[in-house]
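Asks: Attaching a single structure in structure tokens format; questions to follow.
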Amino acid sequence: MKPSSGDVFRALWTLKAEKAMIRAMSNSDPLIVGITGATGAALGVETLRACRDLGVPAHLVITETGLRALTLETDLGFDDVKALAAQTYPNKDVGAAVASGSFKARGMIIAPCSIKTLSGIAGSFSHNLMIRAADVCLKERRPVVLMVRETPLHKGHLSLMSRAADLGCHIMPPMPAFYTKPQSIDDMVRHIVGRALDLMSIEHDRVDRWQG
């Protein structure tokens, strides 16, 4: 018996719905967020908040010195940032899920990234989970954004950034954009994090786009 137009429509609608569901599931791949001990803990916190608001699961790795910077620079503690993440791993746990290439992640943002962590990534010296997770993303050809936070920079720092870029990292020192006429530090942090999300191809409205 020939199917009716209604049956065909329902079949097409079901197929379309299934494809939409598959796309939604693929878009739910987590983003790994790293927070190190460099100054700028607010950058990592804002990245976690953006992920929460955008429905992107954030898997957090924070170093011991990152926790110290968090308490020194913000009014937040470990429980506060843990509540923003879908999953949190101890930095010493090199056997955690994000240490394997078989774990599907959309990439990694380290905000802020210390020179010590940059050194480990540039040298593929995966002695902790932060560096191992970044190294895994690189070998799987997933984007890695390093918000390197240090100034002034000597030639050793620049060489490390060059080596990390050669491996595939996006080197993104957190430079404020003044053309947006920011009214507060929060405005600048929001814009910087938004630009990092752009590198992850995550849709958002956290940046005032330049219109010419």
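Ligands are numbered from 1 in the order shown, chains are lettered A, B, ... in the order of the structure tokens, and residues start at 1 in each chain.
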What are the DSSP strand (DSSP E) residues of chain A, as a PyMOL selection string?
Replies: chain A and resi 31-35+58-62+87-90+107-113+144-148+170-171
Asks: Write down as a list in words the residues of range 23-73 of chain A whose backbone DSSP state falls under alpha helix (DSSP H).
Replies: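 Alpha helix (DSSP H) members of range 23-73 of chain A, listed: Arg23, Ala24, Met25, Ser26, Ala41, Ala42, Leu43, Gly44, Val45, Glu46, Thr47, Leu48, Arg49, Ala50, Cys51, Arg52, Asp53, Leu54, Glu64, Thr65, Gly66, Leu67, Arg68, Ala69, Leu70, Thr71, Leu72 and Glu73 of chain A.
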Asks: With only C-alpha atoms as the basis for distance, which of A:Val56, A:Gly120, A:Ala97, A:Val33 is at the shortest distance from Arg163 in chain A?
Replies: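 That would be A:Gly120, the residue with the smallest distance to Arg163 in chain A.
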Asks: What's around range 172-182 of chain A at 6 Å? Count only C-alpha atoms, leave out sequence neighbours fewer than 6 positions away in its own chain, and write the answer as a list in words.
Replies: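 With the cut-off at 6 Å, the set is Leu146, Met147, Val148 and Met188 of chain A.
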Asks: Can you spit out the residues from that selection as a short mmCIF file (atom, residue, chain, number, x, y, z; two decimals), in the first residue's frame, using N, CA, C and O atoms?
Replies:
```cif
data_model
loop_
_atom_site.label_atom_id
_atom_site.label_comp_id
_atom_site.auth_asym_id
_atom_site.auth_seq_id
_atom_site.Cartn_x
_atom_site.Cartn_y
_atom_site.Cartn_z
N LEU A 146 45.81 28.71 25.18
CA LEU A 146 46.64 29.02 26.35
C LEU A 146 46.61 30.52 26.60
O LEU A 146 47.18 31.30 25.83
N MET A 147 45.93 30.94 27.67
CA MET A 147 45.94 32.34 28.06
C MET A 147 47.18 32.58 28.91
O MET A 147 47.11 32.65 30.14
N VAL A 148 48.31 32.69 28.24
CA VAL A 148 49.59 32.84 28.94
C VAL A 148 49.62 34.18 29.64
O VAL A 148 49.42 35.23 29.02
N MET A 188 36.10 43.51 30.57
CA MET A 188 37.29 43.06 29.86
C MET A 188 37.45 41.54 29.94
O MET A 188 37.77 40.89 28.94
#
```
Asks: Using only C-alpha atoms, can you tell me which of A:Asp93, A:Asp187, A:Asp198, A:Asp205 comes closest to Ile62 in chain A?
Replies: A:Asp93
Asks: Give me the residues near Thr36 in chain A as a short mmCIF file (atom, residue, chain, number, x, y, z; two decimals) with all heavy atoms, in the first residue's frame, where near means some atom within 12 Å (using only C-alpha atoms) and where sequence neighbours in that chain fewer than 5 positions away do not count.
Replies:
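Wrote around-v4.cif, looks like this:
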```cif
data_model
loop_
_atom_site.label_atom_id
_atom_site.label_comp_id
_atom_site.auth_asym_id
_atom_site.auth_seq_id
_atom_site.Cartn_x
_atom_site.Cartn_y
_atom_site.Cartn_z
N ALA A 41 42.84 34.50 37.88
CA ALA A 41 41.89 33.42 38.16
C ALA A 41 40.49 33.75 37.65
O ALA A 41 39.72 32.86 37.29
CB ALA A 41 41.85 33.15 39.67
N ALA A 42 40.17 35.05 37.58
CA ALA A 42 38.84 35.46 37.10
C ALA A 42 38.59 34.98 35.68
O ALA A 42 37.43 34.75 35.29
CB ALA A 42 38.71 36.98 37.17
N LEU A 43 39.64 34.82 34.90
CA LEU A 43 39.49 34.34 33.52
C LEU A 43 38.95 32.91 33.50
O LEU A 43 38.08 32.58 32.70
CB LEU A 43 40.83 34.40 32.80
CG LEU A 43 41.42 35.81 32.59
CD1 LEU A 43 42.90 35.72 32.25
CD2 LEU A 43 40.65 36.54 31.49
N GLY A 44 39.50 32.07 34.36
CA GLY A 44 39.03 30.69 34.45
C GLY A 44 37.62 30.61 34.99
O GLY A 44 36.80 29.82 34.49
N VAL A 45 37.33 31.43 35.99
CA VAL A 45 35.98 31.43 36.57
C VAL A 45 34.95 31.86 35.53
O VAL A 45 33.89 31.26 35.39
CB VAL A 45 35.93 32.37 37.80
CG1 VAL A 45 34.50 32.50 38.31
CG2 VAL A 45 36.84 31.85 38.91
N LEU A 60 36.77 20.50 34.78
CA LEU A 60 37.75 21.39 35.40
C LEU A 60 38.97 20.65 35.95
O LEU A 60 38.83 19.64 36.63
CB LEU A 60 37.09 22.19 36.52
CG LEU A 60 37.99 23.04 37.42
CD1 LEU A 60 38.63 24.18 36.62
CD2 LEU A 60 37.19 23.59 38.60
N VAL A 61 40.14 21.23 35.62
CA VAL A 61 41.39 20.83 36.27
C VAL A 61 42.00 22.11 36.83
O VAL A 61 42.22 23.07 36.10
CB VAL A 61 42.39 20.17 35.29
CG1 VAL A 61 43.66 19.75 36.03
CG2 VAL A 61 41.76 18.98 34.59
N ILE A 62 42.25 22.13 38.13
CA ILE A 62 42.84 23.31 38.76
C ILE A 62 44.06 22.88 39.57
O ILE A 62 44.01 21.88 40.29
CB ILE A 62 41.81 24.06 39.64
CG1 ILE A 62 42.40 25.33 40.22
CG2 ILE A 62 41.21 23.18 40.69
CD1 ILE A 62 41.35 26.27 40.86
N THR A 63 45.14 23.61 39.41
CA THR A 63 46.37 23.25 40.12
C THR A 63 46.31 23.73 41.56
O THR A 63 45.45 24.54 41.94
CB THR A 63 47.60 23.87 39.43
OG1 THR A 63 47.54 25.30 39.54
CG2 THR A 63 47.67 23.48 37.96
N GLU A 64 47.26 23.28 42.36
CA GLU A 64 47.32 23.69 43.76
C GLU A 64 47.55 25.20 43.87
O GLU A 64 46.92 25.89 44.68
CB GLU A 64 48.45 22.92 44.48
CG GLU A 64 48.21 21.42 44.57
CD GLU A 64 48.55 20.67 43.28
OE1 GLU A 64 49.05 21.30 42.30
OE2 GLU A 64 48.31 19.45 43.23
N THR A 65 48.45 25.71 43.03
CA THR A 65 48.69 27.16 43.05
C THR A 65 47.52 27.91 42.42
O THR A 65 47.28 29.08 42.73
CB THR A 65 49.99 27.50 42.30
OG1 THR A 65 49.98 26.86 41.02
CG2 THR A 65 51.21 27.04 43.09
N GLY A 66 46.78 27.24 41.53
CA GLY A 66 45.58 27.85 40.99
C GLY A 66 44.54 28.09 42.07
O GLY A 66 43.86 29.13 42.09
N LEU A 67 44.41 27.14 42.98
CA LEU A 67 43.49 27.30 44.11
C LEU A 67 43.93 28.46 45.00
O LEU A 67 43.09 29.24 45.49
CB LEU A 67 43.44 26.02 44.93
CG LEU A 67 42.58 24.88 44.38
CD1 LEU A 67 42.79 23.61 45.19
CD2 LEU A 67 41.10 25.27 44.39
N ARG A 68 45.23 28.57 45.18
CA ARG A 68 45.75 29.66 46.01
C ARG A 68 45.46 31.01 45.36
O ARG A 68 45.02 31.95 46.03
CB ARG A 68 47.25 29.48 46.22
CG ARG A 68 47.87 30.52 47.14
CD ARG A 68 49.33 30.21 47.39
NE ARG A 68 49.91 31.17 48.33
CZ ARG A 68 51.18 31.16 48.72
NH1 ARG A 68 52.00 30.21 48.26
NH2 ARG A 68 51.64 32.06 49.56
N ALA A 69 45.70 31.11 44.05
CA ALA A 69 45.41 32.36 43.34
C ALA A 69 43.92 32.69 43.38
O ALA A 69 43.54 33.86 43.51
CB ALA A 69 45.90 32.26 41.90
N LEU A 70 43.11 31.67 43.29
CA LEU A 70 41.65 31.86 43.33
C LEU A 70 41.22 32.54 44.62
O LEU A 70 40.43 33.49 44.60
CB LEU A 70 40.94 30.51 43.18
CG LEU A 70 39.42 30.53 43.22
CD1 LEU A 70 38.86 31.11 41.92
CD2 LEU A 70 38.86 29.13 43.45
N ASN A 91 44.54 17.48 40.03
CA ASN A 91 45.63 17.68 39.08
C ASN A 91 46.64 16.53 39.10
O ASN A 91 47.35 16.30 38.12
CB ASN A 91 46.34 19.01 39.36
CG ASN A 91 47.31 19.39 38.27
OD1 ASN A 91 47.03 19.19 37.09
ND2 ASN A 91 48.44 19.94 38.65
N ILE A 109 40.76 24.95 27.26
CA ILE A 109 41.16 26.34 27.50
C ILE A 109 41.86 26.38 28.87
O ILE A 109 41.27 25.94 29.86
CB ILE A 109 39.97 27.30 27.50
CG1 ILE A 109 39.30 27.35 26.12
CG2 ILE A 109 40.40 28.70 27.92
CD1 ILE A 109 38.05 28.22 26.07
N ILE A 110 43.09 26.88 28.90
CA ILE A 110 43.79 27.06 30.18
C ILE A 110 43.83 28.55 30.46
O ILE A 110 44.47 29.32 29.75
CB ILE A 110 45.21 26.46 30.14
CG1 ILE A 110 45.14 24.97 29.80
CG2 ILE A 110 45.90 26.67 31.48
CD1 ILE A 110 46.49 24.27 29.78
N ALA A 111 43.08 28.96 31.48
CA ALA A 111 42.88 30.37 31.76
C ALA A 111 42.93 30.63 33.27
O ALA A 111 41.98 30.26 33.95
CB ALA A 111 41.52 30.81 31.20
N PRO A 112 44.00 31.23 33.75
CA PRO A 112 45.20 31.63 33.02
C PRO A 112 46.19 30.46 32.91
O PRO A 112 46.03 29.46 33.59
CB PRO A 112 45.77 32.73 33.91
CG PRO A 112 45.41 32.27 35.30
CD PRO A 112 44.05 31.63 35.18
N CYS A 113 47.18 30.63 32.04
CA CYS A 113 48.21 29.61 31.86
C CYS A 113 49.54 30.15 32.36
O CYS A 113 50.02 31.18 31.89
CB CYS A 113 48.32 29.23 30.38
SG CYS A 113 49.60 28.01 30.03
N SER A 114 50.12 29.47 33.33
CA SER A 114 51.41 29.88 33.88
C SER A 114 52.54 29.49 32.94
O SER A 114 52.38 28.63 32.07
CB SER A 114 51.63 29.24 35.25
OG SER A 114 51.73 27.83 35.10
N ILE A 115 53.69 30.11 33.13
CA ILE A 115 54.86 29.75 32.33
C ILE A 115 55.28 28.32 32.63
O ILE A 115 55.72 27.59 31.73
CB ILE A 115 56.02 30.73 32.62
CG1 ILE A 115 55.66 32.14 32.14
CG2 ILE A 115 57.30 30.26 31.94
CD1 ILE A 115 55.43 32.26 30.64
N LYS A 116 55.10 27.87 33.86
CA LYS A 116 55.44 26.49 34.21
C LYS A 116 54.59 25.51 33.40
O LYS A 116 55.12 24.52 32.85
CB LYS A 116 55.22 26.26 35.70
CG LYS A 116 55.55 24.84 36.16
CD LYS A 116 55.33 24.69 37.66
CE LYS A 116 55.63 23.26 38.12
NZ LYS A 116 55.42 23.10 39.58
N THR A 117 53.29 25.76 33.33
CA THR A 117 52.41 24.88 32.55
C THR A 117 52.73 24.99 31.06
O THR A 117 52.76 23.98 30.35
CB THR A 117 50.94 25.24 32.82
OG1 THR A 117 50.64 24.98 34.19
CG2 THR A 117 50.01 24.41 31.95
N LEU A 118 52.99 26.20 30.59
CA LEU A 118 53.40 26.39 29.19
C LEU A 118 54.66 25.57 28.90
O LEU A 118 54.75 24.93 27.84
CB LEU A 118 53.68 27.88 28.94
CG LEU A 118 54.35 28.23 27.60
CD1 LEU A 118 53.43 27.92 26.43
CD2 LEU A 118 54.76 29.71 27.60
N ASN A 128 51.63 16.07 35.12
CA ASN A 128 50.39 16.23 35.88
C ASN A 128 49.21 16.21 34.90
O ASN A 128 49.40 16.18 33.67
CB ASN A 128 50.40 17.51 36.73
CG ASN A 128 50.56 18.78 35.89
OD1 ASN A 128 50.11 18.87 34.76
ND2 ASN A 128 51.20 19.79 36.47
N LEU A 129 48.01 16.23 35.43
CA LEU A 129 46.83 16.08 34.59
C LEU A 129 46.61 17.29 33.69
O LEU A 129 46.17 17.15 32.55
CB LEU A 129 45.59 15.84 35.45
CG LEU A 129 44.29 15.56 34.68
CD1 LEU A 129 44.42 14.32 33.79
CD2 LEU A 129 43.11 15.38 35.65
N MET A 130 46.92 18.49 34.18
CA MET A 130 46.76 19.70 33.39
C MET A 130 47.51 19.58 32.07
O MET A 130 46.94 19.78 30.98
CB MET A 130 47.27 20.91 34.16
CG MET A 130 47.12 22.24 33.44
SD MET A 130 45.44 22.89 33.50
CE MET A 130 45.32 23.30 35.25
N ILE A 131 48.79 19.22 32.16
CA ILE A 131 49.62 19.14 30.96
C ILE A 131 49.24 17.92 30.13
O ILE A 131 49.20 17.98 28.89
CB ILE A 131 51.11 19.10 31.36
CG1 ILE A 131 51.47 20.38 32.11
CG2 ILE A 131 51.99 18.94 30.13
CD1 ILE A 131 52.84 20.34 32.76
N LEU A 146 45.81 28.71 25.18
CA LEU A 146 46.64 29.02 26.35
C LEU A 146 46.61 30.52 26.60
O LEU A 146 47.18 31.30 25.83
CB LEU A 146 48.08 28.56 26.13
CG LEU A 146 48.30 27.09 25.75
CD1 LEU A 146 49.79 26.81 25.59
CD2 LEU A 146 47.68 26.16 26.79
N MET A 147 45.93 30.94 27.67
CA MET A 147 45.94 32.34 28.06
C MET A 147 47.18 32.58 28.91
O MET A 147 47.11 32.65 30.14
CB MET A 147 44.66 32.70 28.82
CG MET A 147 43.42 32.71 27.96
SD MET A 147 42.08 33.56 28.83
CE MET A 147 40.68 33.05 27.86
N VAL A 148 48.31 32.69 28.24
CA VAL A 148 49.59 32.84 28.94
C VAL A 148 49.62 34.18 29.64
O VAL A 148 49.42 35.23 29.02
CB VAL A 148 50.76 32.73 27.95
CG1 VAL A 148 52.08 32.87 28.69
CG2 VAL A 148 50.71 31.39 27.21
N ARG A 149 49.89 34.12 30.95
CA ARG A 149 49.83 35.34 31.77
C ARG A 149 51.20 35.59 32.40
O ARG A 149 51.53 35.02 33.44
CB ARG A 149 48.73 35.19 32.82
CG ARG A 149 48.55 36.40 33.72
CD ARG A 149 48.16 37.66 32.94
NE ARG A 149 48.20 38.83 33.80
CZ ARG A 149 49.29 39.55 34.03
NH1 ARG A 149 50.44 39.22 33.48
NH2 ARG A 149 49.24 40.60 34.82
#
```
Asks: So which one's closest to Leu160 in chain A, A:Ile121, A:Met108, A:Val144, A:Cys137? Using only C-alpha atoms, please.
Replies: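 Comparing A:Ile121, A:Met108, A:Val144, A:Cys137 against Leu160 in chain A, the winner is A:Ile121.
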Asks: Which residues, written as a list in words, have at least one atom at most 12 Å from Met200 in chain A, with only C-alpha atoms counted and residues fewer than 5 positions away on the same chain left out?
Replies: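 The residues that qualify are Asn27, Asp29, Pro30, Leu31, Ile32, Val33, Thr47, Cys51, Val56, Ala105, Arg106, Gly107, Met108, Ile109, Arg142, Pro143, Val144, Val145, Cys169, His170, Val193, Gly194 and Arg195 of chain A.
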Asks: I'd like the neighbourhood of Ala83 in chain A as a PDB file with N, CA, C and O atoms, in the first residue's frame, where a residue qualifies if any of its atoms comes within 12 Å (using only C-alpha atoms), though same-chain residues fewer than 5 positions away should be ignored.
Replies:
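Result file part.pdb:
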```
ATOM      1  N   VAL A  45      37.326  31.429  35.988  1.00  0.00           N
ATOM      2  CA  VAL A  45      35.983  31.434  36.571  1.00  0.00           C
ATOM      3  C   VAL A  45      34.951  31.864  35.529  1.00  0.00           C
ATOM      4  O   VAL A  45      33.892  31.255  35.393  1.00  0.00           O
ATOM      5  N   LEU A  48      34.209  29.123  33.083  1.00  0.00           N
ATOM      6  CA  LEU A  48      33.287  28.145  33.653  1.00  0.00           C
ATOM      7  C   LEU A  48      31.852  28.672  33.643  1.00  0.00           C
ATOM      8  O   LEU A  48      30.910  27.939  33.321  1.00  0.00           O
ATOM      9  N   ARG A  49      31.687  29.937  33.988  1.00  0.00           N
ATOM     10  CA  ARG A  49      30.340  30.535  33.987  1.00  0.00           C
ATOM     11  C   ARG A  49      29.759  30.566  32.581  1.00  0.00           C
ATOM     12  O   ARG A  49      28.571  30.287  32.385  1.00  0.00           O
ATOM     13  N   ARG A  52      28.569  27.142  31.645  1.00  0.00           N
ATOM     14  CA  ARG A  52      27.302  26.838  32.333  1.00  0.00           C
ATOM     15  C   ARG A  52      26.140  27.528  31.639  1.00  0.00           C
ATOM     16  O   ARG A  52      25.102  26.910  31.369  1.00  0.00           O
ATOM     17  N   PRO A  57      29.139  21.401  28.872  1.00  0.00           N
ATOM     18  CA  PRO A  57      29.705  20.801  30.085  1.00  0.00           C
ATOM     19  C   PRO A  57      31.187  21.176  30.222  1.00  0.00           C
ATOM     20  O   PRO A  57      31.968  20.996  29.284  1.00  0.00           O
ATOM     21  N   ALA A  58      31.564  21.702  31.365  1.00  0.00           N
ATOM     22  CA  ALA A  58      32.952  22.063  31.625  1.00  0.00           C
ATOM     23  C   ALA A  58      33.583  21.041  32.557  1.00  0.00           C
ATOM     24  O   ALA A  58      33.032  20.734  33.620  1.00  0.00           O
ATOM     25  N   HIS A  59      34.723  20.498  32.149  1.00  0.00           N
ATOM     26  CA  HIS A  59      35.477  19.568  32.978  1.00  0.00           C
ATOM     27  C   HIS A  59      36.713  20.298  33.481  1.00  0.00           C
ATOM     28  O   HIS A  59      37.582  20.676  32.688  1.00  0.00           O
ATOM     29  N   LEU A  60      36.771  20.497  34.781  1.00  0.00           N
ATOM     30  CA  LEU A  60      37.754  21.393  35.395  1.00  0.00           C
ATOM     31  C   LEU A  60      38.967  20.655  35.952  1.00  0.00           C
ATOM     32  O   LEU A  60      38.834  19.641  36.626  1.00  0.00           O
ATOM     33  N   LEU A  76      35.929  33.722  45.904  1.00  0.00           N
ATOM     34  CA  LEU A  76      35.461  32.364  45.703  1.00  0.00           C
ATOM     35  C   LEU A  76      36.432  31.346  46.280  1.00  0.00           C
ATOM     36  O   LEU A  76      37.614  31.629  46.462  1.00  0.00           O
ATOM     37  N   GLY A  77      35.910  30.148  46.533  1.00  0.00           N
ATOM     38  CA  GLY A  77      36.723  29.030  46.982  1.00  0.00           C
ATOM     39  C   GLY A  77      36.545  27.850  46.048  1.00  0.00           C
ATOM     40  O   GLY A  77      35.828  27.926  45.032  1.00  0.00           O
ATOM     41  N   PHE A  78      37.178  26.746  46.387  1.00  0.00           N
ATOM     42  CA  PHE A  78      37.125  25.562  45.537  1.00  0.00           C
ATOM     43  C   PHE A  78      35.698  25.070  45.321  1.00  0.00           C
ATOM     44  O   PHE A  78      35.326  24.695  44.207  1.00  0.00           O
ATOM     45  N   THR A  88      35.065  17.652  38.012  1.00  0.00           N
ATOM     46  CA  THR A  88      36.334  18.209  38.462  1.00  0.00           C
ATOM     47  C   THR A  88      37.296  17.072  38.776  1.00  0.00           C
ATOM     48  O   THR A  88      36.903  16.062  39.359  1.00  0.00           O
TER      49      THR A  88
END
```
Asks: Record the distance separating CA of Ala133 in chain A and CA of His204 in chain A, expressed in Å with one decimal.
Replies: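 Separation between CA of Ala133 in chain A and CA of His204 in chain A: 24.7 Å.
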